[in-house]
Every structure is written in C-alpha cells, then in structure tokens.
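Remarks on the structure that follows.
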Amino acid sequence: MPKPGKKTGRPGRYRNLREFIETLEAAGELIRITETCSPRLEISAITDLASKGEGGGKALLFEQVAGSDFPVLTNAFGSSKRIALALGTEDLPSLGRRLQGIIQQKPPRGIAEKIAFLIEAFGWSRFIPRRVKRAPCQGVVFLGDEVDLGRLPVLHTWPRDAGPFVTLPVVFTRSLASGRRNAGMYRLQIFDRNTTGIHWHIHKDGAHYFHEYRKARRRMEVAVAIGTDPAVTYAATAPMPRGVDEMLLAGFIRRAPVAMVKCLTVDLEVPAEAEFILEGYVDPDELRIEGPFGDHTGYYSLADLYPVFHVTALTHRKDPVYSATVVGRPPMEDCYLALATERIFLPLLQTIQPEIKDYLLPWEGVFHNLTLVAIEKTYPRQAWKVMQALWGSGQMSFCKTILLVDEDADLQNSAGLLRQLLETLDFRRDLNITEGILDVLDHSAPQACFGGKLGIDLTAVGAGEEERRIPPPHDPPDEEAFRSGLAGLSERFISCRIIFPAAAHPLFLLSVRKGGEKIFPALGRLFLSLDPPPGAIAVFFDERDELDDGSVLLWRVLNNTDPRRDMTLENERLLIDATQKGPEDGFLREWPEDVIMDGEIEKKAREKAKRWGVI
C-alpha cells in the first residue's frame with residue numbers, strides 16, 4: 001500500500017492506482033482513516049457525507065476494513081481538482097483541445113507538411129496498448145475452487161441494495177463478430193464465492209457483444225480489472241464509438257501506452273498494473289435476478305434479469321488497494337467523471353454539429369435527463385435541427401430534455417437561464433414535445449427505454465422566424481395569499497412558493513398530497529380557480545418535497561416527469577406533474593424508492609466523519 005508522504009512524478013502519467021494515491025496525498029487531497037470501518041453501509045455513509053461536502057470533500061483511504069485484509073479507496077475523483085489531477089491536466093478543456101487537434105488534422109500538402117504529419121502520427125503510436133509477459137496484477141493467484149470473492153472488501157452501499165456490489169470495475173469483453181475489445185464499467189453484484197451478476201444496459205457495447213454470443217450459443221469470456229490507473233478507469237466510463245478501443249483513449253490521456261497482460265484462464269488482456277483481476281465467463285442461456293441497487297439517479301434501479309459471471313481466476317498485487325465509488329443522489333463522485341466527459345468530448349460533438357459552441361450536463365439531470373446547449377445560430381429554426389440531431393447521436397440520444405440558447409449565454413448561470421426562460425418562453429412556439437429512446441434508468445416513462453422528450457428553444461428570434469407571443473404585464477401574485485387560498489380550497493395543498501413573481505411566466509412550486517388521484521384535472525383545476533396570471537407555470541411536487549432547495553426540486557422534476565404525459569397547457573397556464581406516479585396515473589411499472597441511508601448508521605457515520613476531519 002502507498003506510504004504516507006511519498007511523491008511521484010508528473011501528474012497524469014500514472015502507471016497504477018498507488019501512484020495516483022501518492023499524488024493525492026502530496027496535494028492534500030487524501031484522508032487516511034486508520035480506525036476499522038465496516039464495508040456494509042458504514043464506508044459508503046462516510047463517503048456520501050464527504051461527497052456532499054464543500055467542493056466534493058477529500059478522497060478517503062480506509063486502511064482497516066472489517067472482514068478483509070485490503071484497504072478501500074473511495075471518492076478519488078470527487079472534485080474538480082482531483083479529476084484534473086487524475087487526468088494529468090490543469091484544466092479539462094485542454095484534453096478536449098488535444099483531441100480536437102487529432103480529429104481536425106488536415107491532409108498534408110507539400111513535403112514539409114508530410115514530414116510534420118508523419119512525425120505527429122508516429123507520436124500517436126505511443127497511445128497504442130502494449131503487451132507485457134509479467135505483471136504486478138498477477139502477483140497472487142487463485143484458480144478454480146480457490147477463488148473466493150469474499151476476500152475482497154466489496155461495499156454494500158445502501159440499505160435496500162440486494163447485496164455487495166463492485167462499483168468501479170473495468171469490464172473487458174471481445175466482439176465475436178469483429179474481434180474488437182471493449183472496456184466498459186458495469187457493476188457486479190456478488191452472488192457467492194465465485195459468481196456475480198453483470199449489469200450491462202441494453203444499449204451498451206458489453207450487452208451488444210453478449211447478444212452476439214447468445215445468437216451463436218457460445219460462452220462469452222469476461223475479465224474485470226479493479227483498481228486501475230485513473231486514465232483506464234475514466235476511459236471505461238467514456239462514451240466511445242463502438243469498436244474503438246478504450247485503452248487507446250487511456251493511452252492518449254496518459255501520453256503513454258497502457259501495459260496489458262494476457263489472462264491466465266481466458267483469452268483476454270487486462271491492465272498489467274491493476275490491483276485486482278477477475279477472470280471468467282458468462283453463459284448465454286443463464287440469467288439471474290440482479291438488484292435492486294442504489295443508483296446514480298438517486299433512486300434504486302429495479303431488480304431484473306442479467307447475465308451471471310462465473311469467476312475462474314482471482315489475481316491481485318501483493319499489497320493491493322480496493323477501489324470503489326459510491327453513487328446515489330447527486331452530487332456524488334460520478335458527477336466529476338461526467339464533467340470530464342462533458343469537457344473532453346465537446347470537440348467530437350462539434351464535428352457532428354459545428355454550430356454547437358458549448359454544452360453542459362447539470363448534475364440535477366443525472367447525465368441523461370438534461371443537456372444545456374449554446375449554439376451559433378445562422379438560419380431559421382436551427383435550434384430544432386440541433387435538438388433532433390442530438391437525439392440521434394450516440395449516448396446523447398438518451399437525453400430527455402434539451403434546452404438551447406445563443407452562443408453568448410452563460411450555461412453556468414442557472415438563475416440567469418431560469419429567468420430567461422420565464423421572461424421569453426412562448427409555450428406554443430418554443431416547446432418541442434416528442435418521444436424517443438431513453439436511458440434504462442429512466443423510471444418515469446410509461447415503458448422501459450422509451451418515452452417523452454422535451455426540446456426548449458430559447459435562442460433569439462432571427463430573420464425568417466415568427467415573433468414570440470409573451471403574456472402581457474401583470475401584477476405580481478402574492479405568495480401568502482395563494483398559499484392561504486389553496487389551503488382553503490383543499491387540505492391536499494401543503495405549501496406554495498412563487499419564483500420570479502413579476503416575470504412573464506411566474507413560477508409556482510406546489511407541494512401536494514395526491515390522495516390516490518391524478519394531479520390533473522382535480523388539483524390542477526383548483527389551482528387555476530385562483531386565477532394565476534396568464535403564462536403562469538405551476539409544478540406539483542409530493543408533500544415530502546421541501547420547496548426551498550431549487551437544485552433538489554429540479555432533480556425531482558427531471559426524474560419524475562414524462563413530457564408527453566405530465567405537461568399540460570390549460571387556459572394559457574402550463575401545469576407540470578413532478579409527483580411520484582402510480583396506477584391512478586395509468587402508470588403500471590414499478591416506481592423505485594429514493595436512495596436514503598439508514599438514519600442510525602448515518603448518525604454514527606456523521607460523528608466519525610467529524611472526528612476524522614472528513615466533514
């Protein structure tokens with residue numbers, strides 16, 4: 001295990017995880033916890049508190065883990081500073097600019113340009129993975145019946161999880177059709193000493209390759225690396241085009257190739273410097289219930305059938321560190337991995353849509369519910385063309401809501417964007433409600449993986465476009481009067497807040513008790529009976545939701561609404577139902593529970609976290 005105080009070389013060019021740990025400690029970004037902690041809920045509760053602290057808290061190294069000989073590292077990427085350290089850059093956009101330089105390489109003309117191109121192309125060859133014969137990851141070997149996954153300090157992260165889950169695995173598979181390698185991050189539920197579930201979503205490359213083996217009725221070999229260097233870990237999360245080797249991206253980030261070694265029991269290669277390796281196979285005809293699991297959406301992803309991973313070998317370094325992440329209601333560590341993707345892949349997005357000048361994935365959108373896009377607009381209704389193109393582009397196709405603004409807009413200024421929406425939106429002109437594919441974890445759609453989508457055009461009106469019709473000025477509604485009026489109409493109205501009451505579209509936030517009945521029409525019509533100003537927008541939340549945290553409320557809206565079902569325009573007022581759905585709404589799927597830590601465990605974790613300087 002890395003020793004305190006040791007320093008390494010240049011940040012970003014890490015051979016392995018331990019060099020990154022040393023860099024984190026030298027930068028004052030690591031807390032070592034020397035008291036014994038339990039991998040069941042306690043470590044995740046402490047990590048959750050750190051993640052939600054100022055700036056993402058610190059990385060945590062739990063040196064004494066109950067029931068295991070191995071330390072556990074969490075929250076290693078969980079701040080802007082640490083993700084930049086991990087990827088070896090002072091700022092994340094610089095990686096995107098490096099990538100852009102390769103993507104936009106022009107054909108050389110003349111002998112001087114050709115020589116320069118060959119020199120640069122030779123430099124790119126440094127990114128290609130290289131094979132080695134001996135590897136630290138095979139320092140200790142367990143084969144066959146010797147395999148016991150109970151040796152690993154795998155975390156049970158949330159109370160209603162189906163069991164312990166490996167949450168930061170780099171899963172290696174190979175296409176049966178093309179022979180190309182894929183490295184993805186798919187969680188593993190520990191079933192017993194030598195089998196796990198393997199949770200790859202239907203749209204992911206691992207699932208696509210598995211489908212090839214199922215069609216051919218052949219076993220699929222799988223290898224899993226746990227505790228890889230930061231570039232390899234990040235690359236496994238990146239939205240690379242199918243067939244492009246993620247280890248090439250890792251080499252690009254590191255500016256050095258990833259050393260790979262052949263597995264002992266399967267015909268795959270894995271990072272030689274990893275901490276732990278699991279080797280084995282999945283049988284195409286064997287599926288097993290996996291989950292539930294407290295997921296990055298802030299809800300439990302539901303139990304479902306997934307392949308079973310049979311582990312034929314467990315190998316590890318002689319003094320390994322187990323690396324894990326804790327996901328749940330944002331902000332969490334994975335928000336910073338998403339930030340890296342957002343910045344690094346902007347140039348790739350611009351090759352498809354050159355009018356895009358910038359974009360942002362707010363954490364409230366949990367990566368696939370909201371994208372803010374700034375565009376350079378040169379012709380009428382260009383925003384609609386961009387939103388349609390994005391809905392047809394790779395993993396952007398999963399996005400539920402896309403909001404487009406002009407290129408000079410500040411995407412980081414959420415209050416400014418909200419005010420712009422409330423001052424300029426034309427309900428009939430600017431809202432594009434459609435439907436399409438969605439992320440597997442979208443729980444509010446009427447059916448899995450498919451449902452409503454919303455595009456919002458807030459770009460300035462240009463030549464050839466119809467003018468916006470904005471409601472006339474009105475007297476600002478009185479919040480206290482509305483709260484009192486609603487309470488007098490029905491005890492099902494719990495509270496009310498009004499945001500920007502003088503705006504063209506004053507925003508009403510309402511917490512209600514549904515009482516086994518649809519929000520629309522009953523409570524919607526009662527609200528309208530108080531005659532809110534024309535253009536008012538009313539959002540209905542469950543009674544448990546406090547109305548004083550805008551970020552949490554936006555997270556609720558984006559998770560809990562299907563635009564086609566839950567938005568209605570009545571008498572020039574827009575009503576939005578962000579409550580939990582059930583049979584009374586015609587919603588026949590299972591609605592997941594919120595990810596919440598056990599109260600007693602959280603209380604004890606908070607006491608320890610304060611004592612150790614975690615919070």
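To be explicit about the labels: the chains of the structure tokens are called A, B, and onward in the order shown, and within each one the residues are counted from 1, while ligands get numbers from 1 in the order they are shown.
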
**Prompt:** Which of region 197-235 of chain A counts as helix (DSSP H, G or I) under DSSP, as JSON, numbers by chain please?
**Reply:** {"A": [205, 206, 207, 208, 209, 210, 211, 212, 213, 214, 215, 216, 230, 231, 232, 233, 234, 235]}

**Message:** Just want the 6 Å neighbourhood of Ser51 (chain A), counted on only C-alpha atoms, with same-chain residues fewer than 4 positions away dropped. Output as a list in words.
**Reply:** Gly56, Gly57 and Met332 of chain A

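Ranking A:Gln382, A:Gln138, A:Thr195, A:Thr47 by their shortest atom-to-atom distance to Cys263 (chain A), with only C-alpha atoms included, puts A:Gln138 first.
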
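The residue that comes closest to Leu441 (chain A), out of A:Pro292, A:Gly197, A:Gly28, A:Pro230 and on the basis of only C-alpha atoms, is A:Pro292.
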
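Shortest atom-to-atom contact with Ile226 (chain A) among A:Ala26, A:Leu361, A:Leu17, A:Ile202: A:Leu17, counting only C-alpha atoms.
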
**Prompt:** With distances taken over only C-alpha atoms, which of A:Phe427, A:Tyr299, A:Phe276, A:Phe540 is nearest to Gly139 (chain A)?
**Reply:** A:Phe276

**Item:** Residue neighbourhood Val557 (chain A), 9 Å, only C-alpha atoms, exclusion window fewer than 4 positions, as a VMD selection string
**Value:** chain A and resid 539 541 552 to 553 561 576 to 579

With C-alpha atoms retained, could you export that selection as a compact mmCIF listing (two decimals), in the first residue's frame?
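Now in out-v9.txt:
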```txt
# COMPACT_ATOMS: atom_id res chain seq x y z
CA VAL A 539 -45.05 22.49 -10.87
CA PHE A 541 -44.44 18.01 -6.07
CA VAL A 552 -33.22 19.15 -5.47
CA LEU A 553 -36.54 20.26 -6.98
CA THR A 561 -41.77 13.57 -15.42
CA ILE A 576 -46.31 20.09 -14.73
CA ASP A 577 -46.79 16.99 -12.58
CA ALA A 578 -43.48 16.07 -10.86
CA THR A 579 -45.05 13.75 -8.31
```

Using only C-alpha atoms, which protein or nucleic acid residues come within 8 Å of Leu168 (chain A)? Drop anything in the same chain fewer than 3 positions from it, and give the result as an mmCIF file with N, CA, C and O atoms, in the first residue's frame.
```cif
data_model
loop_
_atom_site.group_PDB
_atom_site.id
_atom_site.type_symbol
_atom_site.label_atom_id
_atom_site.label_comp_id
_atom_site.auth_asym_id
_atom_site.auth_seq_id
_atom_site.Cartn_x
_atom_site.Cartn_y
_atom_site.Cartn_z
ATOM 1 N N MET A 185 -17.786 0.012 -17.902
ATOM 2 C CA MET A 185 -17.957 -0.030 -16.461
ATOM 3 C C MET A 185 -19.369 -0.515 -16.155
ATOM 4 O O MET A 185 -20.335 0.231 -16.303
ATOM 5 N N TYR A 186 -19.475 -1.774 -15.766
ATOM 6 C CA TYR A 186 -20.752 -2.405 -15.477
ATOM 7 C C TYR A 186 -20.666 -3.026 -14.086
ATOM 8 O O TYR A 186 -19.808 -3.879 -13.831
ATOM 9 N N ARG A 187 -21.544 -2.626 -13.210
ATOM 10 C CA ARG A 187 -21.459 -3.072 -11.830
ATOM 11 C C ARG A 187 -21.620 -4.588 -11.720
ATOM 12 O O ARG A 187 -22.258 -5.226 -12.556
ATOM 13 N N ILE A 226 -10.038 -4.256 -11.278
ATOM 14 C CA ILE A 226 -10.498 -3.373 -10.192
ATOM 15 C C ILE A 226 -9.276 -2.657 -9.646
ATOM 16 O O ILE A 226 -8.277 -3.286 -9.300
ATOM 17 N N GLY A 227 -9.360 -1.342 -9.568
ATOM 18 C CA GLY A 227 -8.223 -0.575 -9.090
ATOM 19 C C GLY A 227 -7.213 -0.320 -10.175
ATOM 20 O O GLY A 227 -6.038 -0.679 -10.041
ATOM 21 N N THR A 233 -9.502 3.840 -15.700
ATOM 22 C CA THR A 233 -10.811 3.897 -15.050
ATOM 23 C C THR A 233 -11.724 4.868 -15.783
ATOM 24 O O THR A 233 -12.882 4.548 -16.080
ATOM 25 N N SER A 323 -10.509 -0.356 -4.961
ATOM 26 C CA SER A 323 -11.051 0.946 -5.355
ATOM 27 C C SER A 323 -12.555 0.837 -5.567
ATOM 28 O O SER A 323 -13.039 -0.087 -6.235
ATOM 29 N N ALA A 324 -13.307 1.779 -4.991
ATOM 30 C CA ALA A 324 -14.762 1.745 -5.102
ATOM 31 C C ALA A 324 -15.299 3.163 -5.261
ATOM 32 O O ALA A 324 -14.638 4.140 -4.890
ATOM 33 N N THR A 325 -16.493 3.251 -5.803
ATOM 34 C CA THR A 325 -17.208 4.519 -5.824
ATOM 35 C C THR A 325 -18.568 4.299 -5.186
ATOM 36 O O THR A 325 -19.104 3.184 -5.197
#
```

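With CA of Lys514 (chain A) on one side and CA of Phe493 (chain A) on the other, the separation reads 8.9 Å.
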